[in-house]
Amino acid sequence: MLGFFLLDGNLPFTVAISIVILLGLIELLSLVTGLSLSGLFDDLLSLDSDIDSDGATGFTGITGWLCLNRLPLLIWFVLASSSFAITGLAVNYLTAAITGGLLPSWLAIPVALIGLLLGCRYLGSSLARLLPKNESSVISIDSLEGAVGTVTLATASRGKPAEVVVKDESQQKHYVLAEPDSDDQLAKGTDVVLLRKDGNIWIAARFENSLSD
């Protein structure tokens, strides 16, 4: 069995599962030292969103669909790596049992990536229900009124919201959907201030207009 894992065609999957095992060992050691690897990962990429992934687009839609914004980063990384490795190894094992050889890497890796995407989507959703977001994250999302952000994708107009990235008081990034409070259009790169929330959509105004008031 060890020889199977060390085959050249299995190298990407063996490396991925080895990283998962290494992270598990480091996390166990962190319980002794008091250093949280999970906390370090979350600090490196502080990401949150209050957008329903089924209706979101762009970066927010992708992170929502993959549950990246619903799980601690370390758990998501372990889930993604494990899904990639297990899918790749399983496909190669079945192929070897049937044909006596492994799938070529150009085919095995895309298949494993599909397994990664499906694993993050469906297993991630189940994990997210078991590991709800902490209270501070929920509070920060609901208290973004008055925060200043930047339109990141497309142009926002009345009835057609666009994605906005905004930081809360703790400098945590949030990706939200916003539309202007008037017939004005907010192009990509425009600085806006969030005025109020209407369902999942924020009503926003140009930041410079807000300052001039």
# chains A, B, ... in the order shown; residues from 1 in each chain; ligands from 1
call {"tool": "residues_around", "arguments": {"residues": "Pro161 of chain A", "least_positions_apart": "3", "cutoff": "9 Å", "atoms": "only C-alpha atoms", "output": "list in words"}}
result
Ala154, Thr155, Ala156, Ser157, Arg158, Leu177, Ala178, Glu179, Pro180, Ile201, Trp202 and Ile203 of chain A
call {"tool": "closest_residue", "arguments": {"among": "A:Gln172, A:Gln185, A:Asn200, A:Ser125", "to": "Cys67 of chain A", "atoms": "only C-alpha atoms"}}
result
A:Ser125
call {"tool": "residues_around", "arguments": {"residues": "Ile109 of chain A", "least_positions_apart": "5", "cutoff": "12 Å", "atoms": "only C-alpha atoms", "output": "NGL selection string"}}
result
:A and (9-13 or 16 or 83-92 or 102-104 or 114-116)
call {"tool": "write_last_selection", "arguments": {"atoms": "C-alpha atoms", "output": "short mmCIF file (atom, residue, chain, number, x, y, z; two decimals), in the first residue's frame"}}
result
data_model
loop_
_atom_site.label_atom_id
_atom_site.label_comp_id
_atom_site.auth_asym_id
_atom_site.auth_seq_id
_atom_site.Cartn_x
_atom_site.Cartn_y
_atom_site.Cartn_z
CA GLY A 9 1.03 9.63 -10.47
CA ASN A 10 -0.13 9.86 -6.85
CA LEU A 11 2.44 12.46 -5.78
CA PRO A 12 0.06 15.50 -5.77
CA PHE A 13 -2.50 13.59 -3.70
CA ALA A 16 -1.95 16.98 -0.04
CA SER A 83 -11.29 16.06 -0.69
CA PHE A 84 -8.63 16.59 -3.35
CA ALA A 85 -6.36 13.84 -2.04
CA ILE A 86 -9.06 11.24 -1.34
CA THR A 87 -10.71 11.76 -4.73
CA GLY A 88 -7.41 11.48 -6.58
CA LEU A 89 -6.20 8.43 -4.69
CA ALA A 90 -9.58 6.68 -4.98
CA VAL A 91 -9.79 7.27 -8.73
CA ASN A 92 -6.24 6.05 -9.25
CA LEU A 102 -2.92 4.99 -13.06
CA LEU A 103 -4.76 7.76 -14.82
CA PRO A 104 -2.44 10.30 -16.45
CA ILE A 114 -13.91 18.37 -9.05
CA GLY A 115 -13.90 16.26 -5.89
CA LEU A 116 -12.42 19.24 -4.02
#
call {"tool": "closest_residue", "arguments": {"among": "A:Asp184, A:Glu145, A:Glu163, A:Asp168", "to": "Asp198 of chain A", "atoms": "only C-alpha atoms"}}
result
A:Glu145
call {"tool": "closest_residue", "arguments": {"among": "A:Arg196, A:Leu66, A:Leu186, A:Ala108", "to": "Leu94 of chain A", "atoms": "only C-alpha atoms"}}
result
A:Ala108
call {"tool": "residues_around", "arguments": {"residues": "Asp191 of chain A", "least_positions_apart": "2", "cutoff": "12 Å", "atoms": "only C-alpha atoms", "output": "CSV table (one decimal) with C-alpha atoms, in the first residue's frame"}}
result
chain,number,residue,atom,x,y,z
A,147,ALA,CA,-19.0,51.9,7.1
A,148,VAL,CA,-17.0,52.9,4.0
A,149,GLY,CA,-16.3,50.4,1.3
A,150,THR,CA,-15.3,50.1,-2.4
A,151,VAL,CA,-17.3,48.7,-5.3
A,152,THR,CA,-15.3,45.7,-6.5
A,156,ALA,CA,-24.3,49.3,-9.1
A,163,GLU,CA,-20.3,43.7,-4.8
A,164,VAL,CA,-18.7,46.0,-2.3
A,165,VAL,CA,-15.8,45.2,0.1
A,166,VAL,CA,-15.9,46.9,3.4
A,178,ALA,CA,-25.1,47.3,-2.4
A,180,PRO,CA,-27.3,53.4,-4.7
A,185,GLN,CA,-24.6,54.7,-10.7
A,186,LEU,CA,-21.7,53.4,-8.6
A,187,ALA,CA,-18.9,52.2,-10.9
A,188,LYS,CA,-16.2,49.7,-10.0
A,189,GLY,CA,-13.6,51.4,-7.7
A,193,VAL,CA,-20.8,54.5,2.5
A,194,LEU,CA,-23.4,52.0,3.6
A,204,ALA,CA,-25.3,53.0,-0.3
A,205,ALA,CA,-24.2,56.5,-1.4
A,206,ARG,CA,-21.0,57.9,-2.8
A,207,PHE,CA,-18.6,58.5,0.0
A,208,GLU,CA,-17.6,62.0,-1.2
A,209,ASN,CA,-21.3,63.0,-1.4
A,210,SER,CA,-21.6,61.9,2.1
A,211,LEU,CA,-18.7,64.0,3.2
call {"tool": "atom_distance", "arguments": {"atom1": "atom CA of Leu29 of chain A", "atom2": "atom CA of Leu71 of chain A"}}
result
21.9 Å
call {"tool": "atom_distance", "arguments": {"atom1": "atom CA of Arg129 of chain A", "atom2": "atom CA of Leu73 of chain A"}}
result
15.4 Å
